[in-house]
Amino acid sequence: MKHYFLAAILLLSLSGFAQQYKKADFKTLDAYLTFDVSHKKVMGKVKYTFDLLEKTDTITIDAHDMDYANVTINGKKAGFVDAPHALKLYKGYKKGKNTLEFDYTAQPKQTLYFVGEGDGLQIWTQGQGKYTSHWLPSFDDMNEKVIFNITIGYEPGFTVLSNGSAHTQSIIGDKNLYWHYKMQNPMSSYLVMLAIGKFDKKIEISQSGTPIHLYYRPEDLSKFEPTYRYSKQIFDFFEKEIGVQYAWGIYRQVPVLDFLYAGMENTTSTIFSQDYVVDNIGFNDRTYVNVNAHELAHQWFGDLITAKSGEHHWLQEGFATYYALLAEQELYGDNHFYYELYQMAERLQQASKTDTIPILNEKASSLSFYQKGAWALHVLREGVGHENFRKAVKAYLEKYAFKNVDTDDFLAEINKVSSYDTQSFKKRWLENPKFEVGEAIGLLQKNEFIQQYFAIGGLQDKPFEENQEMFTNIMESDAFWPLKEEVLFQLAEVPFDKKAVIVRAAMKTNNVKIRQAVARTVTTIPDEFFDEYKSLMKDESYITREIALNVLCTRFPEKIGEFLDVSDTWVGFNDKNLRILWLTFAYTTEGYRSDLKEIYYSELQEYASPKYESSIRQNALSNLMYIGKQDEVVLINLARATQHHKWQFAKFGRDNIRKLLKKEGYRDAFTAILPQLKDNERKRLEQLLVE
């Protein structure tokens with residue numbers, strides 16, 4: 001009874017936990033971690049130092065579903081309660097300096113992921129928000145900043161990454177190689193990371209002398225340059241533009257399999273999605289450049305200074321989004337910069353019709369935090385002048401380095417360099433859920449290309465004949481590619497014979513984007529244009545090739561064999577978009593390589609299995625469902641998808657099971673596979689069956 005009563009008292013004390021850092025200031029963490037891969041467990045020894053600033057009944061460390069042993073404070077047995085989501089200390093600490101030590105074991109349900117197996121195994125974390133406490137006892141409150149020193153033991157042959165500087169050391173009598181990582185300055189817990197896998201690396205050195213370690217899987221060596229293109233230039237640009245040197249001593253980037261998002265800005269070490277590892281052709285369609293710049297910008301905006309609460313989250317995401325645009329402006333020019341701003345404005349204007357939550361609200365949408373935040377900064381930068389904005393940002397970062405900030409802290413620095421009305425700005429852009437369309441248009445029209453783009457957009461309701469000469473002149477000019485793309489989109493419904501001169505001029509530009517627009521908009525292909533359209537299959541673009549193969553096979557079924565013979569070695573992006581499309585056509589086309597049909601179908605089935613990343617599996621499953629066999633292997637893999645750690649893929653699995661259950665015979669087919677599923681997969685499918 002004593003422990004239950006004590007637990008109740010401790011729960012009551014939680015009302016003051018949001019401000020715990022003001023009473024108990026945690027300084028350093030030394031953690032020693034190993035793994036039980038077969039059971040997806042992490043085992044750790046933890047040593048925290050903290051200063052007790054004022055008396056408190058309870059000190060709480062956030063930790064989800066962990067087992068503890070040998071809990072001591074200052075070398076003596078501590079009084080603690082093992083709560084479901086926290087380790088709560090109630091006895092043993094004193095005013096002033098304290099040392100807390102304990103062992104723990106956790107089997108995280110999220111945040112720490114084990115992907116693949118054998119030599120292909122990767123272990124990685126995604127802690128943004130309040131999630132690091134699922135694998136490492138730490139602090140969900142971003143205001144508690146700690147110097148993290150992490151030692152990780154893992155078998156030799158794998159690369160082990162964490163935050164800070166590192167060296168390796170073999171331990172006698174232990175099969176593991178131990179990697180020791182040390183930080184020099186404090187950070188919030190959500191920025192702690194680890195990544196383990198088979199990686200090689202190359203090192204670049206910034207102009208200021210910072211080593212930039214760029215990791216890749218050995219089999220991706222040929223993709224290294226296009227993947228990391230401009231990395232050093234972006235780093236050097238930020239140090240110059242921001243005016244504050246990179247604070248963390250070393251910077252790493254590592255791609256991992258089945259990452260939850262595009263990237264994550266862990267201090268010193270960005271993790272990003274394998275989908276951004278591209279070859280030279282893929283670079284023309286999908287690049288890591290913007291994600292690269294966004295996550296690097298966070299090393300200043302989010303890592304060096306951190307928002308006090310979710311209400312001020314735009315100070316991280318808005319800044320990172322805007323500075324990534326500034327980096328792209330440096331690389332690609334003003335027209336690109338303004339076109340990206342325009343596209344953001346389009347999305348924001350549309351969203352504002354239903355989105356009633358302003359930026360300064362912890363429940364604001366990602367679109368608001370990221371893109372409206374970036375637009376707000378553009379308005380401010382244009383309003384105060386670029387040099388004044390740069391001075392204010394520099395002062396802001398230097399004043400609050402390694403601390404937490406709110407919006408007024410930033411605006412106060414703007415007020416010191418300009419008489420610009422920041423209160424009016426705050427009301428219009430940060431407290432108002434609407435998007436200020438008129439103000440945005442005025443700023444966009446500073447760019448001549450945008451003026452032309454708006455003018456072209458205004459012609460879409462006029463007869464083609466009135467615009468024909470102008471459109472032809474644009475297509476034959478050196479105008480920025482979105483102008484030409486817009487012309488082609490406006491002509492999508494115009495018969496080919498009327499627009500032939502313009503389309504052929506578009507093809508002759510040899511611009512990947514313009515030719516791709518032709519592929520999208522010319523879907524009725526006359527005989528005289530057939531060879532020219534077919535040439536799109538040779539373009540240096542996996543997206544263009546996919547569009548062209550689809551259109552050609554659909555419009556000219558009698559020539560499918562010809563198209564498939566040309567494309568039978570294509571693979572495409574990381575998700576194998578071209579290979580999976582090819583297999584689908586090859587299998588479903590009557591008379592094409594009939595003796596290989598079952599081999600092609602088996603390859604599709606293989607790509608739908610857990611051996612592959614979710615992007616490949618989803619692509620394969622979509623095509624297998626299009627083929628339409630009531631295939632037990634497909635149904636099992638759909639059921640497996642529902643339990644994937646990547647929520648987008650899990651939703652795909654659930655949604656498609658629901659659709660199939662509406663078709664005749666599928667309820668019995670899904671019921672029949674239940675015994676072949678794991679417990680969690682079976683339970684989820686049973687739930688779907690009774691919905």
# chains A, B, ... in the order shown; residues from 1 in each chain; ligands from 1
$ residues_around --residues "Val160 (chain A)" --least-positions-apart "6" --cutoff "7 Å" --atoms "only C-alpha atoms" --output "JSON, numbers by chain"
{"A": [179, 195, 196, 197]}
$ write_last_selection --atoms "N, CA and C atoms" --output "mmCIF file, in the first residue's frame"
data_model
loop_
_atom_site.group_PDB
_atom_site.id
_atom_site.type_symbol
_atom_site.label_atom_id
_atom_site.label_comp_id
_atom_site.auth_asym_id
_atom_site.auth_seq_id
_atom_site.Cartn_x
_atom_site.Cartn_y
_atom_site.Cartn_z
ATOM 1 N N TRP A 179 32.094 2.824 -29.663
ATOM 2 C CA TRP A 179 32.235 4.134 -30.287
ATOM 3 C C TRP A 179 31.872 5.189 -29.239
ATOM 4 N N ALA A 195 22.729 6.111 -35.359
ATOM 5 C CA ALA A 195 22.510 5.396 -36.621
ATOM 6 C C ALA A 195 23.612 4.359 -36.759
ATOM 7 N N ILE A 196 23.216 3.140 -37.047
ATOM 8 C CA ILE A 196 24.157 2.033 -37.180
ATOM 9 C C ILE A 196 23.882 1.334 -38.510
ATOM 10 N N GLY A 197 24.923 1.037 -39.252
ATOM 11 C CA GLY A 197 24.745 0.332 -40.509
ATOM 12 C C GLY A 197 26.068 0.154 -41.209
#
$ residues_around --residues "Ile61 (chain A)" --least-positions-apart "6" --cutoff "6 Å" --atoms "only C-alpha atoms" --output "list in words"
Ala86, Leu87 and Ser138 of chain A
$ closest_residue --among "A:Tyr396, A:Ser594, A:Asn473, A:Ala669" --to "Lys629 (chain A)" --atoms "only C-alpha atoms"
A:Ala669
$ closest_residue --among "A:Asn447, A:Gln490, A:Gln169, A:Gln605" --to "Asn467 (chain A)" --atoms "only C-alpha atoms"
A:Gln490
$ residues_around --residues "region 664-667 of chain A" --least-positions-apart "5" --cutoff "12 Å" --atoms "only C-alpha atoms" --output "PyMOL selection string"
chain A and resi 628-632+634-635+656-659+672-674+685-686+688-691
$ write_last_selection --atoms "C-alpha atoms" --output "CSV table (one decimal), in the first residue's frame"
chain,number,residue,atom,x,y,z
A,628,GLY,CA,-6.1,-8.3,-60.0
A,629,LYS,CA,-5.2,-11.9,-59.1
A,630,GLN,CA,-6.7,-13.1,-55.8
A,631,ASP,CA,-3.2,-13.9,-54.7
A,632,GLU,CA,-2.5,-15.2,-51.3
A,634,VAL,CA,-0.3,-10.3,-52.1
A,635,LEU,CA,-2.9,-10.5,-49.3
A,656,ASN,CA,-6.4,-1.3,-49.6
A,657,ILE,CA,-7.6,-4.2,-47.4
A,658,ARG,CA,-10.8,-2.2,-46.8
A,659,LYS,CA,-11.3,-1.7,-50.6
A,672,ALA,CA,-7.9,-17.9,-44.8
A,673,ILE,CA,-4.4,-16.2,-44.4
A,674,LEU,CA,-4.9,-15.4,-40.7
A,685,LEU,CA,-6.5,-7.9,-39.9
A,686,GLU,CA,-9.2,-9.3,-37.6
A,688,LEU,CA,-10.4,-4.8,-40.3
A,689,LEU,CA,-12.6,-7.9,-41.0
A,690,VAL,CA,-15.2,-6.9,-38.4
A,691,GLU,CA,-15.3,-3.2,-39.2
$ residues_around --residues "Lys426 (chain A)" --least-positions-apart "6" --cutoff "10 Å" --atoms "only C-alpha atoms" --output "list in words"
Ile359, Leu360, Ala376, Leu380, Thr407, Asp408, Leu411 and Asn432 of chain A
$ residues_around --residues "Lys446 (chain A)" --least-positions-apart "2" --cutoff "12 Å" --atoms "only C-alpha atoms" --output "list in words"
Asp334, Asn335, Phe337, Tyr338, Tyr339, Tyr342, Glu382, Glu439, Ala440, Ile441, Gly442, Leu443, Leu444, Glu448, Phe449, Ile450, Gln451 and Gln452 of chain A
$ residues_around --residues "region 566-574 of chain A" --least-positions-apart "3" --cutoff "12 Å" --atoms "only C-alpha atoms" --output "PyMOL selection string"
chain A and resi 220+223+257-258+273-287+534-538+540-546+548-550+553+559-563+577-586+593+600+612-617+619
$ atom_distance --atom1 "CA of Leu661 (chain A)" --atom2 "CA of Leu604 (chain A)"
22.2 Å
$ residues_around --residues "Ala412 (chain A)" --least-positions-apart "4" --cutoff "12 Å" --atoms "only C-alpha atoms" --output "PyMOL selection string"
chain A and resi 389+392-393+395-396+399+405-408+416-423+426
$ write_last_selection --atoms "C-alpha atoms" --output "tab-separated table (two decimals), in the first residue's frame"
chain	number	residue	atom	x	y	z
A	389	PHE	CA	17.77	41.42	-41.35
A	392	ALA	CA	19.29	41.05	-36.45
A	393	VAL	CA	19.57	37.32	-37.10
A	395	ALA	CA	22.57	39.20	-32.92
A	396	TYR	CA	19.65	36.88	-32.13
A	399	LYS	CA	22.56	36.34	-27.73
A	405	VAL	CA	13.67	31.52	-27.41
A	406	ASP	CA	10.24	32.81	-28.30
A	407	THR	CA	8.94	35.00	-31.11
A	408	ASP	CA	9.26	38.24	-29.17
A	416	LYS	CA	17.02	47.19	-32.69
A	417	VAL	CA	18.06	47.54	-36.34
A	418	SER	CA	14.90	48.96	-37.94
A	419	SER	CA	11.82	51.08	-37.34
A	420	TYR	CA	9.73	48.49	-39.20
A	421	ASP	CA	6.37	47.92	-37.47
A	422	THR	CA	6.90	44.43	-36.06
A	423	GLN	CA	3.63	44.51	-34.10
A	426	LYS	CA	3.04	39.93	-36.02
